[in-house]
$ cat coords-v3.txt   # compact mmCIF, C-alpha atoms
# COMPACT_ATOMS: atom_id res chain seq x y z
CA MET I 1 -74.08 7.20 17.52
CA ASN I 2 -75.13 9.93 15.04
CA TRP I 3 -76.52 8.05 12.06
CA LYS I 4 -77.02 11.29 10.11
CA ARG I 5 -73.29 12.02 10.30
CA THR I 6 -72.54 8.53 9.01
CA LEU I 7 -75.08 8.99 6.21
CA PHE I 8 -73.52 12.32 5.17
CA TYR I 9 -69.94 11.08 4.87
CA ALA I 10 -71.00 7.78 3.28
CA TRP I 11 -73.07 9.80 0.81
CA LEU I 12 -70.09 12.01 -0.04
CA SER I 13 -67.82 8.98 -0.39
CA GLN I 14 -70.21 7.27 -2.80
CA LEU I 15 -70.64 10.46 -4.82
CA LEU I 16 -66.88 10.63 -5.42
CA THR I 17 -66.58 6.91 -6.15
CA GLN I 18 -69.39 6.87 -8.69
CA PHE I 19 -68.14 10.06 -10.30
CA GLY I 20 -64.73 8.49 -10.90
CA PHE I 21 -66.05 5.20 -12.28
CA SER I 22 -68.71 6.75 -14.51
CA ALA I 23 -66.14 9.13 -16.00
CA VAL I 24 -64.47 6.22 -17.80
CA MET I 25 -66.10 2.79 -17.36
CA PRO I 26 -69.27 3.33 -19.45
CA PHE I 27 -67.09 4.31 -22.40
CA ILE I 28 -65.04 1.10 -22.33
CA PRO I 29 -66.47 -0.12 -25.69
CA LEU I 30 -64.77 2.87 -27.33
CA TYR I 31 -61.47 2.10 -25.60
CA ILE I 32 -61.67 -1.55 -26.60
CA GLY I 33 -62.22 -0.46 -30.19
CA GLN I 34 -59.02 1.59 -29.96
CA LEU I 35 -57.02 -1.32 -28.56
CA LEU I 36 -58.35 -3.65 -31.25
CA ASN I 37 -57.93 -0.96 -33.91
CA THR I 38 -61.24 -1.90 -35.50
CA ASP I 39 -64.81 -0.64 -35.94
CA ASN I 40 -66.26 -4.14 -36.30
CA GLU I 41 -69.38 -4.05 -34.16
CA ARG I 42 -69.58 -7.78 -33.50
CA GLN I 43 -65.89 -8.14 -32.56
CA ILE I 44 -66.07 -5.19 -30.15
CA GLY I 45 -69.33 -6.50 -28.71
CA LEU I 46 -67.73 -9.86 -27.93
CA TRP I 47 -64.82 -8.28 -26.03
CA VAL I 48 -67.14 -5.88 -24.20
CA ALA I 49 -69.15 -8.89 -23.03
CA LEU I 50 -65.97 -10.63 -21.82
CA PHE I 51 -64.74 -7.46 -20.10
CA TYR I 52 -67.92 -7.07 -18.07
CA PHE I 53 -68.41 -10.79 -17.52
CA PHE I 54 -65.03 -11.43 -15.89
CA SER I 55 -65.13 -8.24 -13.83
CA LEU I 56 -68.60 -9.12 -12.55
CA LEU I 57 -67.61 -12.74 -11.95
CA SER I 58 -64.61 -11.62 -9.88
CA PHE I 59 -66.82 -9.29 -7.87
CA CYS I 60 -69.39 -12.04 -7.38
CA LEU I 61 -66.87 -14.54 -5.99
CA VAL I 62 -65.14 -12.16 -3.59
CA MET I 63 -68.08 -10.08 -2.32
CA PRO I 64 -69.24 -12.64 0.32
CA VAL I 65 -65.75 -12.49 1.85
CA TRP I 66 -65.94 -8.70 2.02
CA GLY I 67 -69.32 -8.98 3.72
CA ARG I 68 -68.07 -11.40 6.38
CA LEU I 69 -64.92 -9.36 7.00
CA SER I 70 -66.97 -6.17 7.40
CA ASP I 71 -69.26 -7.86 9.93
CA GLN I 72 -66.23 -9.09 11.91
CA TYR I 73 -63.71 -6.25 11.60
CA GLY I 74 -65.95 -3.24 10.88
CA ARG I 75 -67.68 -1.88 7.81
CA ARG I 76 -65.81 1.42 7.99
CA LYS I 77 -62.41 -0.26 7.86
CA MET I 78 -63.33 -2.50 4.91
CA LEU I 79 -64.78 0.44 2.99
CA ILE I 80 -61.54 2.39 3.39
CA ILE I 81 -59.43 -0.57 2.23
CA SER I 82 -61.68 -1.15 -0.77
CA ASN I 83 -61.45 2.45 -1.92
CA PHE I 84 -57.67 2.65 -1.67
CA CYS I 85 -57.19 -0.67 -3.48
CA ASN I 86 -59.18 0.66 -6.42
CA ALA I 87 -57.26 3.94 -6.29
CA LEU I 88 -54.09 1.95 -6.97
CA LEU I 89 -55.43 -0.57 -9.49
CA ILE I 90 -57.74 1.40 -11.81
CA PRO I 91 -55.01 3.74 -13.20
CA LEU I 92 -53.06 0.63 -14.27
CA MET I 93 -55.71 0.00 -16.93
CA CYS I 94 -54.28 2.80 -19.07
CA LEU I 95 -51.04 0.76 -19.31
CA ALA I 96 -52.74 -2.35 -20.72
CA PRO I 97 -50.98 -3.31 -24.00
CA ASN I 98 -53.93 -5.36 -25.27
CA VAL I 99 -57.55 -6.22 -24.49
CA MET I 100 -56.71 -9.42 -22.60
CA MET I 101 -54.53 -7.50 -20.15
CA LEU I 102 -57.25 -4.87 -19.79
CA VAL I 103 -59.76 -7.57 -18.83
CA LEU I 104 -57.28 -9.06 -16.32
CA ILE I 105 -56.57 -5.75 -14.58
CA ARG I 106 -60.27 -4.92 -14.39
CA SER I 107 -61.04 -8.34 -12.91
CA ILE I 108 -58.44 -7.84 -10.16
CA ALA I 109 -59.81 -4.36 -9.40
CA SER I 110 -63.34 -5.77 -9.22
CA ALA I 111 -62.20 -8.24 -6.55
CA CYS I 112 -61.31 -5.20 -4.42
CA GLY I 113 -64.61 -3.47 -5.15
CA GLY I 114 -67.95 -3.52 -3.41
CA MET I 115 -67.91 0.07 -2.14
CA ILE I 116 -71.62 0.56 -2.74
CA ILE I 117 -72.64 -2.55 -0.81
CA LEU I 118 -70.27 -1.81 2.06
CA ALA I 119 -71.58 1.76 2.27
CA GLN I 120 -75.19 0.54 2.25
CA SER I 121 -74.51 -1.91 5.07
CA LEU I 122 -72.58 0.75 7.04
CA VAL I 123 -75.47 3.21 6.82
CA SER I 124 -78.08 0.51 7.39
CA ALA I 125 -76.35 -0.77 10.55
CA GLN I 126 -76.35 2.69 12.18
CA THR I 127 -79.79 3.87 11.06
CA PRO I 128 -82.99 3.30 13.10
CA ASN I 129 -85.21 0.68 11.51
CA GLU I 130 -88.07 3.12 10.90
CA ARG I 131 -85.72 5.41 8.90
CA GLN I 132 -84.16 2.69 6.72
CA GLY I 133 -86.16 3.68 3.62
CA PHE I 134 -85.17 7.32 3.98
CA ALA I 135 -81.47 6.62 4.60
CA LEU I 136 -81.03 4.13 1.75
CA GLY I 137 -83.03 6.36 -0.58
CA ILE I 138 -80.77 9.33 0.21
CA LEU I 139 -77.66 7.18 -0.21
CA SER I 140 -78.85 6.07 -3.65
CA THR I 141 -78.96 9.73 -4.73
CA ALA I 142 -75.18 9.85 -4.23
CA GLU I 143 -74.77 6.91 -6.58
CA TRP I 144 -76.96 8.48 -9.25
CA GLY I 145 -75.59 11.99 -8.71
CA GLY I 146 -72.03 10.75 -9.11
CA LEU I 147 -73.04 8.95 -12.28
CA VAL I 148 -74.55 12.15 -13.69
CA LEU I 149 -71.37 14.15 -13.02
CA GLY I 150 -69.15 11.36 -14.36
CA PHE I 151 -71.13 10.90 -17.57
CA LEU I 152 -71.23 14.62 -18.35
CA LEU I 153 -67.61 15.41 -17.53
CA GLY I 154 -66.24 12.01 -18.59
CA GLY I 155 -67.49 12.34 -22.15
CA VAL I 156 -65.86 15.77 -22.47
CA VAL I 157 -62.57 14.65 -20.86
CA LEU I 158 -62.27 11.53 -22.99
CA ASP I 159 -63.00 13.39 -26.22
CA ARG I 160 -60.37 16.05 -25.43
CA PHE I 161 -57.69 14.32 -23.37
CA GLY I 162 -58.12 10.58 -23.92
CA PHE I 163 -58.58 7.53 -21.75
CA VAL I 164 -55.31 7.88 -19.80
CA THR I 165 -56.65 11.01 -18.11
CA GLY I 166 -59.98 9.26 -17.49
CA PHE I 167 -58.36 6.32 -15.68
CA LEU I 168 -56.23 8.67 -13.55
CA ILE I 169 -59.31 10.67 -12.54
CA CYS I 170 -61.07 7.44 -11.56
CA GLY I 171 -58.19 6.44 -9.28
CA LEU I 172 -58.01 9.89 -7.70
CA MET I 173 -61.74 9.91 -6.91
CA SER I 174 -61.46 6.50 -5.22
CA ALA I 175 -58.63 7.81 -3.02
CA LEU I 176 -60.65 10.89 -2.02
CA ALA I 177 -63.66 8.67 -1.27
CA GLY I 178 -61.49 6.58 1.08
CA LEU I 179 -60.43 9.74 2.90
CA MET I 180 -64.08 10.74 3.39
CA VAL I 181 -64.81 7.48 5.20
CA TYR I 182 -62.21 8.41 7.85
CA TYR I 183 -64.71 10.98 9.15
CA VAL I 184 -67.25 8.24 9.91
CA ARG I 185 -67.20 7.28 13.57
CA ASP I 186 -66.26 3.76 14.59
CA GLU I 187 -69.10 1.28 14.87
CA CYS I 188 -70.33 0.02 18.20
CA ASN I 189 -70.02 -3.65 17.30
CA VAL I 190 -66.55 -5.15 17.63
CA ARG I 191 -65.13 -8.62 17.29
CA SER I 192 -65.83 -10.98 20.12
CA ALA I 193 -63.05 -12.64 22.05
CA THR I 194 -63.74 -15.96 20.38
CA ALA I 195 -63.17 -14.37 16.98
CA LYS I 196 -59.54 -13.77 17.91
CA VAL I 197 -58.80 -17.49 18.28
CA PRO I 198 -56.62 -18.73 15.35
CA LEU I 199 -58.68 -20.73 12.87
CA SER I 200 -57.73 -22.92 9.94
CA PHE I 201 -57.85 -21.54 6.42
CA TRP I 202 -60.57 -23.93 5.27
CA TYR I 203 -62.73 -23.18 8.30
CA ILE I 204 -62.47 -19.46 7.61
CA MET I 205 -63.38 -19.92 3.93
CA ALA I 206 -66.32 -22.16 4.84
CA THR I 207 -67.53 -19.53 7.28
CA HIS I 208 -67.20 -16.73 4.73
CA TYR I 209 -69.23 -18.61 2.13
CA SER I 210 -71.86 -20.07 4.49
CA LEU I 211 -75.39 -18.75 4.17
CA PRO I 212 -76.70 -16.50 6.97
CA SER I 213 -80.07 -17.14 8.58
CA MET I 214 -82.74 -15.31 6.60
CA GLU I 215 -86.48 -14.83 6.73
CA LYS I 216 -88.40 -16.20 3.77
CA ILE I 217 -89.33 -12.69 2.77
CA VAL I 218 -85.61 -11.85 2.44
CA VAL I 219 -84.98 -14.88 0.25
CA SER I 220 -87.93 -14.00 -1.98
CA THR I 221 -86.90 -10.37 -2.28
CA MET I 222 -83.36 -11.41 -3.11
CA LEU I 223 -84.68 -13.55 -5.97
CA LEU I 224 -86.57 -10.56 -7.32
CA PHE I 225 -83.45 -8.43 -7.04
CA ILE I 226 -81.39 -11.01 -8.94
CA GLY I 227 -83.91 -11.21 -11.77
CA VAL I 228 -84.03 -7.45 -12.20
CA GLN I 229 -80.24 -7.10 -12.25
CA PHE I 230 -79.98 -9.85 -14.88
CA LEU I 231 -82.25 -7.92 -17.23
CA ARG I 232 -80.72 -4.50 -16.52
CA ASN I 233 -77.35 -5.64 -17.86
CA PHE I 234 -78.70 -6.73 -21.25
CA ASP I 235 -78.45 -3.26 -22.77
CA GLY I 236 -76.34 -1.19 -20.33
CA PRO I 237 -72.83 -2.04 -21.63
CA TYR I 238 -73.85 -1.46 -25.24
CA VAL I 239 -75.29 2.06 -25.06
CA PRO I 240 -72.18 3.64 -26.69
CA MET I 241 -72.45 1.15 -29.54
CA MET I 242 -76.16 1.93 -29.95
CA VAL I 243 -75.40 5.65 -30.02
CA LYS I 244 -72.71 5.11 -32.65
CA THR I 245 -75.04 2.96 -34.76
CA ALA I 246 -77.99 5.35 -34.53
CA PHE I 247 -76.35 8.79 -34.67
CA GLY I 248 -72.98 8.34 -36.39
CA THR I 249 -69.36 8.32 -35.28
CA ALA I 250 -69.01 12.03 -34.48
CA ASN I 251 -68.64 12.86 -30.76
CA VAL I 252 -69.84 9.43 -29.62
CA ALA I 253 -68.41 9.81 -26.09
CA GLY I 254 -70.03 13.23 -25.63
CA LYS I 255 -73.46 12.05 -26.84
CA THR I 256 -73.24 8.91 -24.72
CA GLY I 257 -72.29 10.98 -21.69
CA VAL I 258 -75.29 13.31 -22.08
CA ILE I 259 -77.73 10.43 -22.64
CA SER I 260 -76.39 8.45 -19.70
CA ALA I 261 -76.35 11.52 -17.44
CA ILE I 262 -80.02 12.20 -18.14
CA ALA I 263 -80.79 8.55 -17.38
CA CYS I 264 -78.99 8.91 -14.05
CA VAL I 265 -81.03 12.00 -13.21
CA GLY I 266 -84.03 9.71 -13.45
CA GLY I 267 -82.30 7.26 -11.16
CA MET I 268 -81.51 10.02 -8.67
CA PHE I 269 -85.15 11.08 -8.52
CA SER I 270 -86.12 7.43 -8.13
CA GLY I 271 -84.07 7.17 -4.93
CA LEU I 272 -85.95 10.07 -3.35
CA LEU I 273 -89.29 8.78 -4.61
CA ALA I 274 -88.67 5.23 -3.41
CA GLY I 275 -87.41 6.43 -0.03
CA TRP I 276 -90.69 8.31 0.47
CA LEU I 277 -92.97 5.55 -0.88
CA CYS I 278 -91.30 2.69 1.01
CA ASP I 279 -92.76 3.87 4.32
CA ARG I 280 -96.25 4.45 2.97
CA VAL I 281 -97.48 1.98 0.33
CA PRO I 282 -97.30 -1.80 -0.26
CA ALA I 283 -94.30 -2.96 -2.28
CA ARG I 284 -96.41 -4.58 -5.00
CA LEU I 285 -97.86 -1.13 -5.84
CA ILE I 286 -94.31 0.04 -6.60
CA ILE I 287 -92.77 -3.10 -8.11
CA ILE I 288 -95.34 -3.92 -10.80
CA PRO I 289 -95.68 -0.42 -12.33
CA SER I 290 -91.89 -0.05 -12.22
CA LEU I 291 -91.47 -3.27 -14.16
CA VAL I 292 -93.94 -2.23 -16.85
CA VAL I 293 -92.40 1.21 -17.35
CA THR I 294 -88.86 -0.21 -17.39
CA ALA I 295 -89.81 -2.80 -20.02
CA LEU I 296 -91.46 -0.29 -22.35
CA ALA I 297 -88.79 2.40 -21.92
CA THR I 298 -86.04 -0.11 -22.74
CA ALA I 299 -87.71 -1.48 -25.88
CA VAL I 300 -88.38 1.87 -27.55
CA GLN I 301 -84.82 3.22 -27.32
CA PRO I 302 -83.58 1.82 -30.67
CA LEU I 303 -86.57 3.53 -32.32
CA ALA I 304 -85.44 7.01 -31.18
CA LEU I 305 -84.73 9.33 -34.11
CA THR I 306 -82.85 11.97 -32.11
CA VAL I 307 -80.53 12.15 -29.14
CA ALA I 308 -83.27 14.00 -27.22
CA TRP I 309 -85.75 11.15 -27.61
CA PHE I 310 -83.10 8.55 -26.75
CA SER I 311 -82.32 10.57 -23.60
CA ALA I 312 -86.00 10.78 -22.64
CA PHE I 313 -86.42 7.01 -22.90
CA ARG I 314 -83.25 6.40 -20.87
CA PHE I 315 -84.58 8.84 -18.25
CA LEU I 316 -87.78 6.82 -17.88
CA GLN I 317 -85.80 3.60 -17.67
CA GLY I 318 -83.50 5.02 -14.98
CA LEU I 319 -86.45 6.38 -12.99
CA SER I 320 -88.43 3.15 -12.94
CA ALA I 321 -85.52 0.71 -12.60
CA GLY I 322 -83.88 2.77 -9.85
CA CYS I 323 -87.13 2.92 -7.90
CA LEU I 324 -87.53 -0.85 -8.23
CA VAL I 325 -84.02 -1.58 -6.94
CA SER I 326 -84.39 0.83 -3.99
CA VAL I 327 -87.63 -0.85 -2.93
CA LEU I 328 -86.07 -4.32 -3.02
CA LEU I 329 -83.00 -3.22 -1.05
CA THR I 330 -85.22 -1.62 1.59
CA LEU I 331 -87.20 -4.85 1.95
CA ILE I 332 -83.98 -6.81 2.42
CA SER I 333 -82.63 -4.31 4.96
CA ARG I 334 -85.79 -4.14 7.08
CA ASN I 335 -86.11 -7.89 7.40
CA SER I 336 -82.43 -8.72 8.05
CA ARG I 337 -80.75 -9.11 11.42
CA PRO I 338 -78.50 -6.11 12.15
CA GLU I 339 -75.50 -8.28 13.06
CA GLU I 340 -75.70 -10.10 9.69
CA ARG I 341 -76.86 -7.25 7.51
CA SER I 342 -73.51 -6.77 5.76
CA THR I 343 -73.32 -10.49 4.99
CA ILE I 344 -76.85 -10.53 3.56
CA PHE I 345 -76.22 -7.38 1.52
CA ALA I 346 -73.02 -8.95 0.21
CA LEU I 347 -74.84 -12.18 -0.63
CA ALA I 348 -77.52 -10.25 -2.51
CA SER I 349 -74.87 -8.28 -4.33
CA SER I 350 -72.82 -11.36 -5.16
CA SER I 351 -75.84 -13.27 -6.48
CA SER I 352 -77.14 -10.34 -8.48
CA THR I 353 -73.65 -9.71 -9.88
CA ALA I 354 -73.54 -13.29 -11.14
CA ALA I 355 -76.89 -12.61 -12.81
CA MET I 356 -75.49 -9.39 -14.30
CA ALA I 357 -72.52 -11.32 -15.67
CA LEU I 358 -74.89 -13.77 -17.35
CA GLY I 359 -76.93 -10.84 -18.64
CA THR I 360 -73.79 -9.34 -20.17
CA LEU I 361 -72.93 -12.63 -21.87
CA CYS I 362 -76.46 -12.92 -23.21
CA GLY I 363 -76.29 -9.34 -24.47
CA GLY I 364 -72.93 -10.04 -26.13
CA ALA I 365 -74.33 -13.14 -27.82
CA ILE I 366 -77.29 -11.10 -29.08
CA VAL I 367 -75.00 -8.38 -30.45
CA ALA I 368 -72.82 -10.98 -32.20
CA THR I 369 -75.79 -12.72 -33.83
CA LEU I 370 -78.65 -10.24 -34.22
CA GLY I 371 -77.12 -6.80 -33.72
CA VAL I 372 -77.11 -4.13 -31.02
CA PRO I 373 -80.81 -3.06 -31.21
CA TRP I 374 -81.98 -6.52 -30.16
CA THR I 375 -80.34 -6.13 -26.75
CA PHE I 376 -83.08 -3.51 -26.15
CA TYR I 377 -85.99 -5.39 -27.74
CA ILE I 378 -85.63 -8.80 -26.06
CA PRO I 379 -85.77 -7.55 -22.40
CA LEU I 380 -89.32 -6.26 -23.07
CA LEU I 381 -90.75 -9.77 -23.10
CA LEU I 382 -88.58 -10.93 -20.18
CA TYR I 383 -89.58 -8.00 -17.96
CA LEU I 384 -93.26 -8.68 -18.61
CA LEU I 385 -92.80 -12.39 -17.91
CA LEU I 386 -91.34 -11.51 -14.50
CA ILE I 387 -94.53 -9.77 -13.34
CA PRO I 388 -96.43 -13.00 -12.46
CA LEU I 389 -93.31 -14.31 -10.70
CA PHE I 390 -92.97 -11.14 -8.66
CA ARG I 391 -96.61 -11.22 -7.62
CA SER I 392 -96.59 -14.89 -6.66
CA LEU I 393 -93.46 -14.56 -4.56
CA LEU I 394 -94.82 -11.52 -2.73
CA PHE I 395 -98.19 -13.02 -1.96
CA ASP I 396 -96.75 -16.47 -1.09
CA ASN I 397 -94.42 -14.95 1.50
CA ARG I 398 -97.23 -12.88 2.84
CA GLY I 399 -99.20 -15.88 3.92
CA ARG I 400 -96.46 -18.30 4.93
CA LYS I 401 -94.85 -18.85 8.26
CA GLY I 402 -91.79 -16.66 8.67
CA GLY I 403 -92.94 -13.92 6.32
CA GLY I 404 -95.85 -13.24 8.67
CA LYS I 405 -93.49 -12.97 11.63
CA ALA I 406 -91.37 -10.49 9.74
CA LEU I 407 -94.45 -8.41 8.96
CA HIS I 408 -95.57 -8.58 12.59
CA ARG I 409 -92.23 -7.15 13.67
CA LEU I 410 -92.49 -4.43 11.05
CA ASN I 411 -95.93 -3.38 12.23
CA ARG I 412 -94.57 -2.84 15.75
CA ASN I 413 -91.95 -0.35 14.51
CA ARG I 414 -92.59 3.27 15.39
CA GLY I 415 -93.19 5.44 12.38
CA TYR I 416 -94.14 2.51 10.17
CA ARG I 417 -97.18 3.35 8.04
CA GLY I 418 -99.05 0.54 6.36
CA GLY I 419 -97.80 -2.91 5.42
CA PHE I 420 -94.82 -2.62 3.11
CA LEU I 421 -95.39 -5.84 1.25

$ encode --input "coords-v3.txt" --output "structure tokens"
Amino acid sequence: MNWKRTLFYAWLSQLLTQFGFSAVMPFIPLYIGQLLNTDNERQIGLWVALFYFFSLLSFCLVMPVWGRLSDQYGRRKMLIISNFCNALLIPLMCLAPNVMMLVLIRSIASACGGMIILAQSLVSAQTPNERQGFALGILSTAEWGGLVLGFLLGGVVLDRFGFVTGFLICGLMSALAGLMVYYVRDECNVRSATAKVPLSFWYIMATHYSLPSMEKIVVSTMLLFIGVQFLRNFDGPYVPMMVKTAFGTANVAGKTGVISAIACVGGMFSGLLAGWLCDRVPARLIIIPSLVVTALATAVQPLALTVAWFSAFRFLQGLSAGCLVSVLLTLISRNSRPEERSTIFALASSSSTAAMALGTLCGGAIVATLGVPWTFYIPLLLYLLLIPLFRSLLFDNRGRKGGGKALHRLNRNRGYRGGFL
């Protein structure tokens, strides 16, 4: 099986998917303001929090099922279905008569999502273990590259043609992404004969939501991943509101698009950097500096006096946070069993999505009580408080039974340089 071919078409599929979503979804606060017909910052902030919370909650509840189904029926097949479901559902958002219906449609579409996780597990399952860092790092550049294109073009499209065009573009990109996955070759693993035996509904649901067997290092890394995703969603949904507050109401979508695109350039570079570092240096030498830089870059953004400075701070945040996430995903991938890798990726995604939903609610509560800038200030302290927790988890797993076995296996891999822990 040619893993490079799989990586190429998965990369192209993710580029199209992220382009479509980033052309409209980051600007949702502006659309909600139009539906509510108000400029009240606190009222819009509350509905933005509810919009992201219910969409993330829906994704969180359904993602384990997607993971189990992809392990049983094939990751390629599930990725195609997911893309085409979103191609049908996302354009319906432009028909929402009110904010409640908008939240409902987005929640249903989120239940059919998970393209990134499915693509990661598809590439991971077909890539040699010693090239996992490289493959996942390259795949992450598609995510960030699509975000850059979507932010730049989305801001222009929304300012000139409105949100209806933006939602239609998002649906079209999802359909094209599904077509790209057709060029990926079928996976070697197929369902066993016992999997074809009819099972009861409750047995199937219990199986889908049961925990896979995991090394302690995977559990620890997953906890780190969850904590980071919780903090990353404090400020993310409220960037358009911060731009409007800091720089005025003129061309808000365009300014937000430029700022967010520059941040995603940082994230794209982080994927390449992390992919190179993951095979060469211990994880703690990447995680701790990334946390510090992310904390500082987040806190100084409300102090920016110009769009250029705001963009520079978002670039640093995207670079450091993207590198941190790539490192954690590589750790999870390397220490997971290939036959359960999709399930573990889905579990990590589901858990981190629940944390992101809570982060969104916390951010919304902060906006409603203290104002938008505080969603950037408060994560500074929380990021710094995570550093001792990250260090203790890494060093505890290093010396305990189970984590040592995982490291022993890693050291036997060809091409592995140094202990990545």

$ closest_atom_pairs --input "coords-v3.txt" --of "range 239-327 of chain I" --to "range 215-231 of chain I" --cutoff "9 Å" --atoms "only C-alpha atoms" --output "tab-separated table"
residue	atom	partner	partner_atom	distance
I:Leu291	CA	I:Val228	CA	8.8
I:Ala321	CA	I:Val228	CA	8.3
I:Leu324	CA	I:Val228	CA	8.5
I:Val325	CA	I:Phe225	CA	6.9

$ closest_residue --input "coords-v3.txt" --among "I:Ser320, I:Gln301, I:Ser333, I:Gln18" --to "Leu172 in chain I" --atoms "only C-alpha atoms"
I:Gln18

$ residues_around --input "coords-v3.txt" --residues "range 97-107 of chain I" --least-positions-apart "6" --cutoff "10 Å" --atoms "only C-alpha atoms" --output "list in words"
Tyr31, Ile32, Gly33, Gln34, Leu35, Leu36, Trp47, Val48, Leu50, Phe51, Tyr52, Phe53, Phe54, Ser55, Leu56, Leu57, Ser58, Phe59, Asn86, Leu89, Ile90, Pro91 and Gly113 of chain I

$ closest_residue --input "coords-v3.txt" --among "I:Arg68, I:Arg232, I:Arg42, I:Lys4" --to "Met356 in chain I" --atoms "all atoms listed in the file"
I:Arg232

$ atom_distance --input "coords-v3.txt" --atom1 "CA of Gln132 in chain I" --atom2 "CA of Ala261 in chain I"
26.9 Å

$ residues_around --input "coords-v3.txt" --residues "Phe315 in chain I" --least-positions-apart "3" --cutoff "6 Å" --atoms "only C-alpha atoms" --output "PDB file with C-alpha atoms, in the coordinates of the input"
ATOM      1  CA  ILE I 262     -80.020  12.200 -18.140  1.00  0.00           C
ATOM      2  CA  ALA I 263     -80.790   8.550 -17.380  1.00  0.00           C
ATOM      3  CA  GLY I 266     -84.030   9.710 -13.450  1.00  0.00           C
ATOM      4  CA  ALA I 312     -86.000  10.780 -22.640  1.00  0.00           C
ATOM      5  CA  GLY I 318     -83.500   5.020 -14.980  1.00  0.00           C
TER       6      GLY I 318
END

$ closest_residue --input "coords-v3.txt" --among "I:Asn251, I:Asn129, I:Ser260, I:Ser336" --to "Val157 in chain I" --atoms "all atoms listed in the file"
I:Asn251

$ closest_residue --input "coords-v3.txt" --among "I:Gly146, I:Leu88, I:Leu329, I:Pro29" --to "Ser352 in chain I" --atoms "all atoms listed in the file"
I:Leu329

$ residues_near_point --input "coords-v3.txt" --point "(-86.1, 6.5, -7.4)" --cutoff "9 Å" --atoms "only C-alpha atoms" --output "count of residues only"
23

$ closest_residue --input "coords-v3.txt" --among "I:Tyr183, I:Tyr238, I:Phe134, I:Trp144" --to "Ala368 in chain I" --atoms "all atoms listed in the file"
I:Tyr238

$ residues_around --input "coords-v3.txt" --residues "Ala175 in chain I" --least-positions-apart "6" --cutoff "9 Å" --atoms "only C-alpha atoms" --output "MDAnalysis selection string"
chainID I and resid 17 80 83:88

$ write_last_selection --input "coords-v3.txt" --atoms "C-alpha atoms" --output "mmCIF file, in the frame of the given file"
data_model
loop_
_atom_site.group_PDB
_atom_site.id
_atom_site.type_symbol
_atom_site.label_atom_id
_atom_site.label_comp_id
_atom_site.auth_asym_id
_atom_site.auth_seq_id
_atom_site.Cartn_x
_atom_site.Cartn_y
_atom_site.Cartn_z
ATOM 1 C CA THR I 17 -66.580 6.910 -6.150
ATOM 2 C CA ILE I 80 -61.540 2.390 3.390
ATOM 3 C CA ASN I 83 -61.450 2.450 -1.920
ATOM 4 C CA PHE I 84 -57.670 2.650 -1.670
ATOM 5 C CA CYS I 85 -57.190 -0.670 -3.480
ATOM 6 C CA ASN I 86 -59.180 0.660 -6.420
ATOM 7 C CA ALA I 87 -57.260 3.940 -6.290
ATOM 8 C CA LEU I 88 -54.090 1.950 -6.970
#

$ atom_distance --input "coords-v3.txt" --atom1 "CA of Ala125 in chain I" --atom2 "CA of Gly178 in chain I"
19.1 Å

$ closest_residue --input "coords-v3.txt" --among "I:Ala96, I:Gly162, I:Thr343, I:Gly364" --to "Gln72 in chain I" --atoms "all atoms listed in the file"
I:Thr343

$ atom_distance --input "coords-v3.txt" --atom1 "CA of Trp309 in chain I" --atom2 "CA of Trp374 in chain I"
18.2 Å

$ residues_near_point --input "coords-v3.txt" --point "(-73.2, 10.0, -17.6)" --cutoff "10 Å" --atoms "only C-alpha atoms" --output "NGL selection string"
:I and (19 or 22-24 or 26-27 or 144-155 or 253-265)
